[in-house]
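Let me begin by presenting the structure, written as structure tokens, before commenting on it.
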Amino acid sequence: MRYRLSLALCGLLSTGLSTGVRAADMSSVISDVIGGTNDHLKQVVDENHRELIRDVVISDVNTELVQFLKGANVQLKMLDVPDSPAGDQVLGMTYDLKKNIAHQEPNAVRQYKLDFNTAGTASFDDAVRPTDFLETRLDFNVRWFDNGVLDATGEQRLAARVLQQVSLQAAQQGLDANSPAFRRLVASRPEIQALNRGNLIYSGLDVHATLESDQAFEQKQYVYGIGGFFLCAIQDRQSAAAQFNIFDYPFKIARMLTGYPEPFETARHSFPRLRFAIEQVDPKTSDARQALTGNLATFERFQAEIALSSPIALIGNAPVKASLAYRYFREINPPAVVEGAGLDTFNYLTAAIHFPNGIAFTYSRGALPFDLKSESVYALGYQWSL
């Protein structure tokens, strides 16, 4: 129920922004929707008041649901599906919410976390639903990390704390860690120079339970699995990970062509982030699988994901970023009829360019679970956080 309400409220906010609601009237909009009317949705939005809209919603509607939705990333987008028979274009919304339910840090290198994640893309037209795949996940994970200063001297520990303070200050000012303005901010604090900044390495194992469905919940399955993940944030520019990170080479060329300062320095998040899992899938409603096999028996699958991002240009002091993500699903020992229909393997590639003002252009190609065929989707959207 909470998941459906979360999706409904995200849809309400995106509808309010797209159809035009004055910031001062947002609390009335919420009240009207709860009361069953929506006249205020017809009014004109002042785009300069997006932050005020968010503040009004969070402060005036201080409910458990709204508090739960704080931090959600929402992107209202126009989806173009050239592979469809009519070359359809449709308005849609992508959402992503991550919440930490509990965590414990027994020492400096290990964390235990219980997280709730929900993400997906929903179309406002039931007849055209590209990327129709929603995930709601509960995840218990153990993380280990090494940032190069765990055994540091007292002077280095002080430098690490100062760097953390400077990073927080930069985030509040909207500065990116790869921007010249951030580097000048770091250089202004001599205490930081004592810090031996090694690469920040995260690794871990997780146990998870996931509900996967289409947006109408007509097709759904429960997934239980165990997996692992690895992340390396580049901080030591002289390390082998920085020097031989071939994945960042195309982005370095783009930075050179756009006049980005120090274009050949390896970007912090350009090293691929890896995630993999072995899972048991329990289909509850799957028309295609039922038709092929005559049953909805559980099956096992392997899942993997690789993602990276890197700046390619600057607008003022803010970076324009490019990102790539690839997802792979492979059923283990599938029935011959499922393999013959090509429903045992799913691949999905997404490439995006993110502008500092929240505008993003995205291209996706492939198929996700519940898709019967591979298709291309172009999207232009605006993203904001609740």
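Naming scheme: A, B, ... for chains in displayed order of the structure tokens; residues 1 onward per chain; ligands 1 onward as shown.
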Next on the checklist: When DSSP is applied to the backbone of this structure, which of region 69-253 of chain A are assigned strand (DSSP E)? Write them out as a PyMOL selection string.
Outcome noted: chain A and resi 73-80+89-107+110-123+134-146+200-213+220-233
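Within 9 Å of region 231-248 of chain A there are A:Asn147, A:Asn196, A:Arg197, A:Gly198, A:Asn199, A:Leu200, A:Ile201, A:Tyr202, A:Ser203, A:Lys252, A:Ile253, A:Glu265, A:Thr266, A:Ala267, A:Arg268, A:His269, A:Ser270, A:Phe271, A:Pro272, A:Arg273, A:Leu274, A:Arg275, A:Leu308, A:Ser309, A:Ser310, counting only C-alpha atoms and ignoring same-chain residues fewer than 4 positions away.
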What does the file look like for those residues with N, CA and C atoms, as a PDB file, in the first residue's frame?
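The result, written out as out-v7.pdb:
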```pdb
ATOM      1  N   ASN A 147      39.642   3.982   2.592  1.00  0.00           N
ATOM      2  CA  ASN A 147      39.862   5.280   1.940  1.00  0.00           C
ATOM      3  C   ASN A 147      41.293   5.768   2.048  1.00  0.00           C
ATOM      4  N   ASN A 196      46.812  11.913   2.940  1.00  0.00           N
ATOM      5  CA  ASN A 196      47.153  10.973   1.884  1.00  0.00           C
ATOM      6  C   ASN A 196      45.844  10.413   1.331  1.00  0.00           C
ATOM      7  N   ARG A 197      45.391  10.945   0.218  1.00  0.00           N
ATOM      8  CA  ARG A 197      44.069  10.595  -0.296  1.00  0.00           C
ATOM      9  C   ARG A 197      44.153   9.383  -1.217  1.00  0.00           C
ATOM     10  N   GLY A 198      43.957   8.213  -0.660  1.00  0.00           N
ATOM     11  CA  GLY A 198      43.903   7.021  -1.480  1.00  0.00           C
ATOM     12  C   GLY A 198      42.541   6.882  -2.126  1.00  0.00           C
ATOM     13  N   ASN A 199      42.423   5.957  -3.067  1.00  0.00           N
ATOM     14  CA  ASN A 199      41.138   5.698  -3.695  1.00  0.00           C
ATOM     15  C   ASN A 199      40.154   5.147  -2.670  1.00  0.00           C
ATOM     16  N   LEU A 200      38.921   5.570  -2.767  1.00  0.00           N
ATOM     17  CA  LEU A 200      37.877   5.118  -1.855  1.00  0.00           C
ATOM     18  C   LEU A 200      37.253   3.856  -2.440  1.00  0.00           C
ATOM     19  N   ILE A 201      37.444   2.737  -1.770  1.00  0.00           N
ATOM     20  CA  ILE A 201      37.007   1.443  -2.283  1.00  0.00           C
ATOM     21  C   ILE A 201      35.903   0.883  -1.391  1.00  0.00           C
ATOM     22  N   TYR A 202      34.763   0.625  -1.987  1.00  0.00           N
ATOM     23  CA  TYR A 202      33.648  -0.025  -1.308  1.00  0.00           C
ATOM     24  C   TYR A 202      33.462  -1.415  -1.898  1.00  0.00           C
ATOM     25  N   SER A 203      33.199  -2.382  -1.046  1.00  0.00           N
ATOM     26  CA  SER A 203      32.784  -3.704  -1.501  1.00  0.00           C
ATOM     27  C   SER A 203      31.823  -4.265  -0.468  1.00  0.00           C
ATOM     28  N   LYS A 252      37.330  11.719 -21.534  1.00  0.00           N
ATOM     29  CA  LYS A 252      38.478  12.626 -21.531  1.00  0.00           C
ATOM     30  C   LYS A 252      38.581  13.374 -22.862  1.00  0.00           C
ATOM     31  N   ILE A 253      38.318  12.665 -23.961  1.00  0.00           N
ATOM     32  CA  ILE A 253      38.341  13.314 -25.274  1.00  0.00           C
ATOM     33  C   ILE A 253      37.246  14.374 -25.346  1.00  0.00           C
ATOM     34  N   GLU A 265      42.620  14.338 -16.454  1.00  0.00           N
ATOM     35  CA  GLU A 265      42.566  13.764 -15.118  1.00  0.00           C
ATOM     36  C   GLU A 265      41.363  12.829 -15.029  1.00  0.00           C
ATOM     37  N   THR A 266      41.579  11.646 -14.468  1.00  0.00           N
ATOM     38  CA  THR A 266      40.497  10.666 -14.362  1.00  0.00           C
ATOM     39  C   THR A 266      39.435  11.154 -13.405  1.00  0.00           C
ATOM     40  N   ALA A 267      38.182  11.108 -13.830  1.00  0.00           N
ATOM     41  CA  ALA A 267      37.066  11.590 -13.015  1.00  0.00           C
ATOM     42  C   ALA A 267      36.790  10.630 -11.857  1.00  0.00           C
ATOM     43  N   ARG A 268      36.252  11.165 -10.782  1.00  0.00           N
ATOM     44  CA  ARG A 268      36.072  10.430  -9.535  1.00  0.00           C
ATOM     45  C   ARG A 268      35.208   9.181  -9.705  1.00  0.00           C
ATOM     46  N   HIS A 269      34.096   9.289 -10.428  1.00  0.00           N
ATOM     47  CA  HIS A 269      33.152   8.160 -10.533  1.00  0.00           C
ATOM     48  C   HIS A 269      33.191   7.485 -11.900  1.00  0.00           C
ATOM     49  N   SER A 270      34.316   7.620 -12.599  1.00  0.00           N
ATOM     50  CA  SER A 270      34.412   7.040 -13.930  1.00  0.00           C
ATOM     51  C   SER A 270      34.815   5.570 -13.914  1.00  0.00           C
ATOM     52  N   PHE A 271      35.261   5.055 -12.767  1.00  0.00           N
ATOM     53  CA  PHE A 271      35.569   3.630 -12.681  1.00  0.00           C
ATOM     54  C   PHE A 271      34.250   2.876 -12.519  1.00  0.00           C
ATOM     55  N   PRO A 272      34.015   1.831 -13.301  1.00  0.00           N
ATOM     56  CA  PRO A 272      32.702   1.169 -13.285  1.00  0.00           C
ATOM     57  C   PRO A 272      32.317   0.643 -11.909  1.00  0.00           C
ATOM     58  N   ARG A 273      31.058   0.872 -11.561  1.00  0.00           N
ATOM     59  CA  ARG A 273      30.474   0.303 -10.348  1.00  0.00           C
ATOM     60  C   ARG A 273      29.806  -1.014 -10.726  1.00  0.00           C
ATOM     61  N   LEU A 274      30.112  -2.056 -10.000  1.00  0.00           N
ATOM     62  CA  LEU A 274      29.639  -3.405 -10.351  1.00  0.00           C
ATOM     63  C   LEU A 274      28.675  -3.933  -9.297  1.00  0.00           C
ATOM     64  N   ARG A 275      27.639  -4.615  -9.760  1.00  0.00           N
ATOM     65  CA  ARG A 275      26.714  -5.302  -8.862  1.00  0.00           C
ATOM     66  C   ARG A 275      26.279  -6.607  -9.533  1.00  0.00           C
ATOM     67  N   LEU A 308      28.651   3.784 -14.733  1.00  0.00           N
ATOM     68  CA  LEU A 308      29.693   4.781 -14.498  1.00  0.00           C
ATOM     69  C   LEU A 308      29.190   6.134 -14.945  1.00  0.00           C
ATOM     70  N   SER A 309      29.838   7.192 -14.463  1.00  0.00           N
ATOM     71  CA  SER A 309      29.512   8.550 -14.890  1.00  0.00           C
ATOM     72  C   SER A 309      30.784   9.381 -14.890  1.00  0.00           C
ATOM     73  N   SER A 310      30.803  10.426 -15.729  1.00  0.00           N
ATOM     74  CA  SER A 310      31.992  11.257 -15.860  1.00  0.00           C
ATOM     75  C   SER A 310      31.595  12.612 -16.441  1.00  0.00           C
TER      76      SER A 310
END
```
Next on the checklist: I'd like to know which of A:Thr131, A:Thr210, A:Asn141, A:Gln221 is closest to Phe299 (chain A), using only C-alpha atoms.
Outcome noted: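 Checking each candidate against Phe299 (chain A), we get A:Gln221 as the closest.
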Checklist entry - So which bits of region 298-372 of chain A end up alpha helix (DSSP H) when you DSSP the backbone, as number ranges by chain? => result A: 336-340
Item to check | Residue contacts of Tyr224 (chain A) (10 Å, only C-alpha atoms) excluding same-chain residues fewer than 5 positions away, as number ranges by chain | outcome: A: 137-138, 207-211, 277-282, 300
Next on the checklist: Can you pull out the residues contacting region 319-324 of chain A? Cut-off 9 Å, using only C-alpha atoms, and skip same-chain residues under 6 positions away; I want them as a PyMOL selection string.
Outcome noted: chain A and resi 175-176+178-179+251+270+306-313+349-356
Next on the checklist: Taking 4 positions as the minimum chain separation for residues in the same chain, which residues sit within 12 Å of Asn333 (chain A) when counting only C-alpha atoms? Answer as number ranges by chain.
Outcome noted: A: 298-302, 337-339, 344-345
Mind dumping the selected residues with N, CA and C atoms as a JSON list (two decimals), in the first residue's frame?
```json
[["chain", "number", "residue", "atom", "x", "y", "z"],
["A", 298, "THR", "N", 8.80, -21.56, -9.90],
["A", 298, "THR", "CA", 9.94, -20.72, -9.58],
["A", 298, "THR", "C", 11.14, -21.10, -10.45],
["A", 299, "PHE", "N", 12.05, -20.17, -10.64],
["A", 299, "PHE", "CA", 13.27, -20.44, -11.41],
["A", 299, "PHE", "C", 14.39, -19.58, -10.86],
["A", 300, "GLU", "N", 15.62, -19.94, -11.24],
["A", 300, "GLU", "CA", 16.80, -19.20, -10.77],
["A", 300, "GLU", "C", 17.35, -18.35, -11.93],
["A", 301, "ARG", "N", 17.97, -17.26, -11.57],
["A", 301, "ARG", "CA", 18.57, -16.41, -12.59],
["A", 301, "ARG", "C", 19.81, -15.71, -12.04],
["A", 302, "PHE", "N", 20.65, -15.25, -12.95],
["A", 302, "PHE", "CA", 21.83, -14.43, -12.63],
["A", 302, "PHE", "C", 21.54, -13.01, -13.10],
["A", 337, "VAL", "N", 11.21, -24.08, -24.18],
["A", 337, "VAL", "CA", 10.25, -23.18, -24.81],
["A", 337, "VAL", "C", 10.52, -21.72, -24.43],
["A", 338, "VAL", "N", 10.99, -21.50, -23.19],
["A", 338, "VAL", "CA", 11.32, -20.14, -22.75],
["A", 338, "VAL", "C", 12.56, -19.65, -23.48],
["A", 339, "GLU", "N", 13.56, -20.52, -23.59],
["A", 339, "GLU", "CA", 14.79, -20.15, -24.31],
["A", 339, "GLU", "C", 14.49, -19.91, -25.78],
["A", 344, "ASP", "N", 14.59, -15.90, -21.87],
["A", 344, "ASP", "CA", 15.48, -16.33, -20.80],
["A", 344, "ASP", "C", 16.58, -15.31, -20.52],
["A", 345, "THR", "N", 16.79, -14.36, -21.43],
["A", 345, "THR", "CA", 17.85, -13.37, -21.29],
["A", 345, "THR", "C", 17.31, -11.98, -21.62]]
```
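For the atom pair formed by CA of Phe329 (chain A) and CA of Gln303 (chain A), the distance is 4.6 Å, given to one decimal.
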Next on the checklist: With only C-alpha atoms as the counted atoms, please give the residues lying no more than 8 Å from Pro130 (chain A), apart from itself and same-chain residues fewer than 4 positions off, as a VMD selection string.
Outcome noted: chain A and resid 79 81 123 377
Output of the above residues as a compact mmCIF listing (two decimals), in the first residue's frame, restricted to C-alpha atoms:
```txt
# COMPACT_ATOMS: atom_id res chain seq x y z
CA LEU A 79 9.35 9.38 -24.05
CA VAL A 81 9.44 5.13 -28.88
CA SER A 123 3.82 6.13 -18.37
CA VAL A 377 13.47 4.79 -26.18
```
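Proximity of A:Arg183, A:Lys77, A:Arg143, A:Arg327 to Phe124 (chain A), computed with only C-alpha atoms, is greatest for A:Lys77.
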Next on the checklist: Please list as a ChimeraX atom specification every residue within 9 Å of Glu135 (chain A), counting only C-alpha atoms and excluding residues in the same chain fewer than 4 positions away.
Outcome noted: /A:117-120,210-214
Checklist entry - Just how far from CA of Val142 (chain A) is CA of Gln104 (chain A), in Å to one decimal? => result 9.7 Å
Checklist entry - CA of Tyr348 (chain A) to CA of Leu76 (chain A): how many Å, to one decimal? => result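 Between CA of Tyr348 (chain A) and CA of Leu76 (chain A) the gap is 20.7 Å.
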